[in-house]
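Novice: Data: protein00.csv, CSV, C-alpha atoms.
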```
chain,number,residue,atom,x,y,z
A,30,MET,CA,-2.8,34.1,-45.4
A,31,ALA,CA,-5.8,32.1,-46.2
A,32,LYS,CA,-6.1,28.3,-46.2
A,33,LYS,CA,-8.5,26.7,-48.6
A,34,ASN,CA,-10.5,23.6,-47.9
A,35,GLN,CA,-13.2,21.9,-50.0
A,36,LYS,CA,-16.0,24.1,-48.8
A,37,ASN,CA,-14.7,27.6,-48.2
A,38,THR,CA,-11.7,29.8,-47.4
A,39,VAL,CA,-10.7,29.9,-43.8
A,40,PRO,CA,-8.5,32.8,-42.6
A,41,ASP,CA,-5.4,31.8,-40.8
A,42,LEU,CA,-4.9,33.4,-37.5
A,43,GLY,CA,-1.3,34.8,-37.8
A,44,ASN,CA,1.0,36.3,-35.3
A,45,ILE,CA,1.5,40.0,-34.8
A,46,TYR,CA,5.1,41.0,-34.6
A,47,LEU,CA,6.0,44.3,-33.0
A,48,SER,CA,9.4,45.6,-34.1
A,49,GLY,CA,11.3,48.7,-33.2
A,50,PHE,CA,14.4,50.0,-31.5
A,51,MET,CA,15.1,49.6,-27.8
A,52,CYS,CA,12.7,51.5,-25.6
A,53,SER,CA,10.2,52.1,-28.4
A,54,GLY,CA,7.4,50.6,-26.3
A,55,LYS,CA,7.1,47.1,-27.8
A,56,THR,CA,6.7,45.3,-24.5
A,57,THR,CA,4.2,47.7,-22.9
A,58,ALA,CA,2.2,48.3,-26.0
A,59,GLY,CA,2.4,44.6,-27.0
A,60,ALA,CA,1.0,43.5,-23.6
A,61,ALA,CA,-1.9,46.1,-24.0
A,62,LEU,CA,-2.6,44.9,-27.6
A,63,ALA,CA,-2.6,41.3,-26.5
A,64,ARG,CA,-5.2,42.1,-23.8
A,65,ALA,CA,-7.3,44.0,-26.3
A,66,LEU,CA,-7.3,41.2,-28.8
A,67,HIS,CA,-7.5,38.4,-26.3
A,68,ARG,CA,-4.3,36.9,-27.5
A,69,PRO,CA,-1.3,35.4,-25.7
A,70,PHE,CA,1.7,37.8,-25.4
A,71,PHE,CA,5.4,37.0,-25.6
A,72,ASP,CA,8.5,39.2,-25.5
A,73,SER,CA,11.5,37.6,-27.1
A,74,ASP,CA,13.9,39.8,-25.0
A,75,LEU,CA,12.2,38.8,-21.7
A,76,LEU,CA,12.3,35.1,-22.7
A,77,LEU,CA,15.9,35.4,-23.5
A,78,ARG,CA,16.8,37.1,-20.2
A,79,LYS,CA,14.8,34.5,-18.4
A,80,ASN,CA,16.2,31.4,-20.1
A,81,ALA,CA,19.7,32.5,-21.0
A,82,GLY,CA,20.6,35.7,-19.3
A,83,ALA,CA,21.2,38.3,-22.0
A,84,ALA,CA,23.9,40.2,-20.2
A,85,ALA,CA,25.8,37.1,-19.3
A,86,VAL,CA,25.6,35.7,-22.8
A,87,ILE,CA,27.0,38.9,-24.4
A,88,ARG,CA,29.7,39.3,-21.7
A,89,GLU,CA,30.8,35.6,-21.9
A,90,LYS,CA,30.2,34.6,-25.5
A,91,GLY,CA,29.7,37.8,-27.4
A,92,LEU,CA,27.0,39.5,-29.4
A,93,ARG,CA,27.0,36.9,-32.2
A,94,ALA,CA,26.2,34.1,-29.7
A,95,PHE,CA,23.5,36.2,-28.2
A,96,ARG,CA,21.9,36.8,-31.6
A,97,LYS,CA,22.0,33.1,-32.4
A,98,ILE,CA,20.1,32.2,-29.2
A,99,GLU,CA,17.7,35.1,-29.8
A,100,GLY,CA,17.1,33.8,-33.3
A,101,GLU,CA,16.2,30.3,-31.9
A,102,HIS,CA,13.7,31.9,-29.5
A,103,VAL,CA,12.1,33.9,-32.4
A,104,LYS,CA,11.7,30.8,-34.5
A,105,LYS,CA,10.0,29.0,-31.7
A,106,LEU,CA,7.6,31.9,-31.2
A,107,ALA,CA,6.9,32.1,-34.9
A,108,ALA,CA,5.8,28.5,-34.8
A,109,GLY,CA,2.9,29.6,-32.6
A,110,ARG,CA,-0.4,30.9,-33.9
A,111,GLY,CA,-2.4,33.9,-32.9
A,112,LEU,CA,0.3,35.5,-30.7
A,113,VAL,CA,1.3,39.0,-30.1
A,114,ILE,CA,5.2,39.0,-30.1
A,115,ALA,CA,7.4,41.9,-29.1
A,116,LEU,CA,10.7,41.4,-30.9
A,117,GLY,CA,14.1,42.4,-29.5
A,118,GLY,CA,15.5,45.5,-31.0
A,119,GLY,CA,18.0,43.5,-33.1
A,120,VAL,CA,15.2,41.5,-34.7
A,121,TYR,CA,13.4,43.2,-37.6
A,122,PRO,CA,12.0,42.6,-41.1
A,123,SER,CA,15.5,42.2,-42.7
A,124,LEU,CA,16.2,39.7,-45.4
A,125,ARG,CA,17.0,37.2,-42.6
A,126,TRP,CA,13.5,37.4,-41.0
A,127,ARG,CA,11.2,38.9,-43.7
A,128,GLY,CA,10.2,35.5,-45.2
A,129,LEU,CA,9.3,34.0,-41.8
A,130,PHE,CA,7.4,37.0,-40.6
A,131,LYS,CA,5.4,37.2,-43.9
A,132,LYS,CA,4.6,33.5,-43.8
A,133,THR,CA,3.5,33.5,-40.2
A,134,GLY,CA,1.9,36.9,-39.5
A,135,ILE,CA,2.2,40.6,-39.9
A,136,THR,CA,4.9,43.1,-38.7
A,137,VAL,CA,4.2,46.4,-37.0
A,138,PHE,CA,7.0,49.0,-36.6
A,139,LEU,CA,6.7,51.1,-33.5
A,140,SER,CA,8.3,54.3,-34.7
A,141,CYS,CA,9.6,56.8,-32.2
A,142,PRO,CA,11.4,60.0,-33.2
A,143,TRP,CA,15.0,60.0,-32.2
A,144,PRO,CA,14.9,62.8,-29.6
A,145,GLN,CA,12.1,61.1,-27.7
A,146,LEU,CA,13.8,57.7,-28.1
A,147,LYS,CA,17.1,59.1,-26.8
A,148,ALA,CA,15.4,60.3,-23.7
A,149,ARG,CA,13.7,56.9,-23.1
A,150,LEU,CA,17.1,55.1,-23.7
A,151,GLU,CA,18.8,57.2,-21.1
A,152,ALA,CA,16.1,56.7,-18.6
A,153,GLY,CA,15.8,52.9,-19.3
A,154,ARG,CA,19.5,52.0,-19.9
A,155,ALA,CA,19.9,49.8,-16.8
A,156,GLY,CA,20.1,46.1,-17.6
A,157,ARG,CA,20.7,46.8,-21.3
A,158,PRO,CA,24.2,45.6,-22.2
A,159,LEU,CA,24.3,47.6,-25.5
A,160,LEU,CA,23.8,50.8,-23.5
A,161,ASP,CA,26.7,50.2,-21.1
A,162,GLY,CA,29.4,52.9,-20.7
A,163,PRO,CA,29.4,56.7,-20.4
A,164,TRP,CA,26.1,58.1,-21.7
A,165,LYS,CA,27.6,60.5,-24.2
A,166,THR,CA,29.5,57.7,-26.0
A,167,THR,CA,26.6,55.3,-25.6
A,168,ALA,CA,24.1,57.7,-27.0
A,169,LEU,CA,26.2,58.2,-30.2
A,170,ARG,CA,26.6,54.5,-30.6
A,171,ALA,CA,22.9,53.9,-30.1
A,172,LYS,CA,22.0,56.6,-32.7
A,173,LYS,CA,24.3,55.0,-35.2
A,174,LEU,CA,22.8,51.6,-34.6
A,175,TYR,CA,19.3,53.1,-34.8
A,176,SER,CA,20.1,54.8,-38.1
A,177,ALA,CA,21.5,51.5,-39.5
A,178,ARG,CA,18.4,49.5,-38.5
A,179,LEU,CA,15.8,52.1,-39.5
A,180,ARG,CA,15.5,51.1,-43.2
A,181,PHE,CA,14.8,47.5,-42.1
A,182,TYR,CA,12.2,48.6,-39.4
A,183,ARG,CA,10.5,50.5,-42.2
A,184,CYS,CA,10.0,47.3,-44.2
A,185,ALA,CA,7.2,46.3,-41.7
A,186,ASP,CA,3.7,45.9,-43.0
A,187,ILE,CA,2.4,48.7,-40.7
A,188,THR,CA,4.1,51.6,-39.1
A,189,ILE,CA,2.7,53.3,-36.0
A,190,ASN,CA,4.2,56.6,-34.7
A,191,THR,CA,4.2,56.2,-31.0
A,192,SER,CA,5.3,59.8,-30.2
A,193,GLY,CA,3.4,61.1,-27.2
A,194,LEU,CA,1.3,58.0,-26.9
A,195,THR,CA,0.6,55.8,-23.9
A,196,PRO,CA,1.0,52.0,-24.4
A,197,ALA,CA,-2.9,51.7,-24.4
A,198,GLN,CA,-3.1,54.4,-27.1
A,199,THR,CA,-0.4,52.7,-29.2
A,200,ALA,CA,-2.3,49.4,-28.8
A,201,GLU,CA,-5.5,51.1,-30.0
A,202,LYS,CA,-3.8,52.5,-33.0
A,203,ILE,CA,-2.4,49.1,-33.9
A,204,LYS,CA,-5.8,47.5,-33.4
A,205,LYS,CA,-7.4,50.1,-35.7
A,206,ALA,CA,-4.7,49.5,-38.4
A,207,LEU,CA,-5.3,45.8,-38.2
A,208,SER,CA,-9.1,46.1,-38.3
A,209,GLY,CA,-9.2,46.1,-42.1
A,210,ILE,CA,-7.5,42.7,-42.2
A,211,PRO,CA,-10.0,39.9,-41.4
A,212,GLU,CA,-7.4,37.6,-40.1
A,213,PHE,CA,-6.5,40.1,-37.4
A,214,THR,CA,-9.8,41.4,-36.1
A,215,ALA,CA,-10.5,41.0,-32.4
A,216,GLU,CA,-13.7,39.1,-33.3
A,217,THR,CA,-11.8,36.3,-35.0
A,218,ARG,CA,-12.0,33.2,-32.8
A,219,ARG,CA,-10.0,30.3,-34.0
A,220,PRO,CA,-7.9,27.8,-32.0
A,221,LEU,CA,-4.5,29.1,-31.0
A,222,ARG,CA,-1.4,27.0,-31.3
A,223,ARG,CA,0.4,26.8,-28.0
A,224,VAL,CA,4.1,27.7,-27.7
A,225,PHE,CA,6.5,26.2,-25.2
A,226,ILE,CA,9.6,28.2,-24.5
```
Can you present the structure in this file as structure tokens?
Specialist:
Amino acid sequence: MAKKNQKNTVPDLGNIYLSGFMCSGKTTAGAALARALHRPFFDSDLLLRKNAGAAAVIREKGLRAFRKIEGEHVKKLAAGRGLVIALGGGVYPSLRWRGLFKKTGITVFLSCPWPQLKARLEAGRAGRPLLDGPWKTTALRAKKLYSARLRFYRCADITINTSGLTPAQTAEKIKKALSGIPEFTAETRRPLRRVFI
């Protein structure tokens, strides 16, 4: 992640991508991390809801169309520099995204054990199209989806177990994990590339 010029090596200020399943705490921990690192924060899900209306897109055009629009938002965010980005639960370091994430930053998987995640999903299911329907059926579907994605989430550069942690504590753990990487220390002060969504 370093760029060379004629005099020295200048570290590039890459993005920090937070991945994980729905309700794993990416938005709240991401906002706390951004404050701690003095970086701009973006949430790809919130941008999508604001600009396209996630539920409407899924209902009217289907999940594939939703994923396409989501992908366009993620690419725009990845073009930024020095951002903390909470990725939607369907965006993770799979073969589709791994190259882009490696090139533009570092990925952090917010790992939450299924029992705790299940409780969070039930409490926070409002407004989440993938959690519509009777809870018993929805919970089984969510667990199957979680299990299928888990191996991709685990491809992240850093894994943080968020069990029992507040967003601030999660952010602190991420900050500590990043502290050994010069490009990602809070003290790094290089110009940020603005992102327009």
Novice: Restricting the calculation to all atoms listed in the file: of A:Ala108, A:Leu194, A:Ala206, A:Leu76, which residue gets closest to A:Lys132?
Specialist: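 Among the listed residues, A:Ala108 lies closest to A:Lys132.
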Novice: What does the distance between atom CA of A:Gly117 and atom CA of A:Asp74 come to in Å, to one decimal place?
Specialist: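 About the pair atom CA of A:Gly117 and atom CA of A:Asp74: they are 5.2 Å apart.
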Novice: So how far away is atom CA of A:Glu89 from atom CA of A:Gly49, in Å?
Specialist: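 Between atom CA of A:Gly49 and atom CA of A:Glu89 the gap works out to 26.1 Å.
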Novice: Rank A:Arg154, A:Lys202, A:Lys131, A:Lys105 by their smallest atom-to-atom distance to A:Thr167, using only C-alpha atoms, and report the top residue only.
Specialist: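 Under the stated criterion, the closest residue is A:Arg154.
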Novice: Between atom CA of A:Tyr46 and atom CA of A:Ile98, what distance in Å does the model show, to one decimal?
Specialist: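 Between atom CA of A:Tyr46 and atom CA of A:Ile98 the gap works out to 18.2 Å.
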Novice: Need the shell around A:Tyr121: protein/DNA/RNA residues with any atom at most 7 Å away, counting only C-alpha atoms. Skip same-chain ones fewer than 4 positions apart. Format as a PyMOL selection string?
Specialist: chain A and resi 48+126+181-182
Novice: Using all atoms listed in the file, pick whichever of A:Cys184, A:Val103, A:Ala168, A:Cys141 has the shortest atom-to-atom distance to A:Asp72.
Specialist: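 Ranked by minimum distance to A:Asp72, first place goes to A:Val103.
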Novice: Could you tell me which of A:Ala148, A:Ala94, A:Phe50, A:Leu106 comes closest to A:Arg180 if we count all atoms listed in the file?
Specialist: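 Selected residue with least distance to A:Arg180: A:Phe50.
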Novice: Under the rule that all atoms listed in the file are counted, which of A:Lys104, A:Val120, A:Lys90, A:Pro158 is the nearest residue to A:Thr133?
Specialist: A:Lys104
Novice: Using all atoms listed in the file, can you tell me which of A:Ala185, A:Ala177, A:Ala171, A:Leu66 comes closest to A:Ile135?
Specialist: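 Closest to A:Ile135 of all the choices is A:Ala185.
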Novice: Step by step: start from the point (4.2, 33.0, -39.1) in the file's coordinates, keep every protein, DNA or RNA residue that has an atom no farther than 6 Å from it, count all atoms listed in the file, and write the set as a PyMOL selection string.
Specialist: chain A and resi 43-44+107+129-130+132-134
Novice: Can you list, as a PDB file with C-alpha atoms, keeping the file's coordinate frame, every protein, DNA or RNA residue that comes within 9 Å of A:Met51 when you count only C-alpha atoms, leaving out same-chain residues fewer than 4 positions away?
Specialist:
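The result, stored in selection_25.pdb:
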```pdb
ATOM      1  CA  LYS A  55       7.100  47.100 -27.800  1.00  0.00           C
ATOM      2  CA  GLY A 117      14.100  42.400 -29.500  1.00  0.00           C
ATOM      3  CA  GLY A 118      15.500  45.500 -31.000  1.00  0.00           C
ATOM      4  CA  GLY A 119      18.000  43.500 -33.100  1.00  0.00           C
ATOM      5  CA  LEU A 146      13.800  57.700 -28.100  1.00  0.00           C
ATOM      6  CA  ARG A 149      13.700  56.900 -23.100  1.00  0.00           C
ATOM      7  CA  LEU A 150      17.100  55.100 -23.700  1.00  0.00           C
ATOM      8  CA  TYR A 175      19.300  53.100 -34.800  1.00  0.00           C
TER       9      TYR A 175
END
```
Novice: Using only C-alpha atoms and a cutoff of 12 Å, can you tell me which residues are near (-6.6, 48.9, -35.2) in the file's coordinates, and write them out as a CSV table (one decimal) with C-alpha atoms, keeping the file's coordinate frame?
Specialist:
```csv
chain,number,residue,atom,x,y,z
A,62,LEU,CA,-2.6,44.9,-27.6
A,65,ALA,CA,-7.3,44.0,-26.3
A,66,LEU,CA,-7.3,41.2,-28.8
A,137,VAL,CA,4.2,46.4,-37.0
A,187,ILE,CA,2.4,48.7,-40.7
A,188,THR,CA,4.1,51.6,-39.1
A,189,ILE,CA,2.7,53.3,-36.0
A,197,ALA,CA,-2.9,51.7,-24.4
A,198,GLN,CA,-3.1,54.4,-27.1
A,199,THR,CA,-0.4,52.7,-29.2
A,200,ALA,CA,-2.3,49.4,-28.8
A,201,GLU,CA,-5.5,51.1,-30.0
A,202,LYS,CA,-3.8,52.5,-33.0
A,203,ILE,CA,-2.4,49.1,-33.9
A,204,LYS,CA,-5.8,47.5,-33.4
A,205,LYS,CA,-7.4,50.1,-35.7
A,206,ALA,CA,-4.7,49.5,-38.4
A,207,LEU,CA,-5.3,45.8,-38.2
A,208,SER,CA,-9.1,46.1,-38.3
A,209,GLY,CA,-9.2,46.1,-42.1
A,210,ILE,CA,-7.5,42.7,-42.2
A,211,PRO,CA,-10.0,39.9,-41.4
A,213,PHE,CA,-6.5,40.1,-37.4
A,214,THR,CA,-9.8,41.4,-36.1
A,215,ALA,CA,-10.5,41.0,-32.4
```
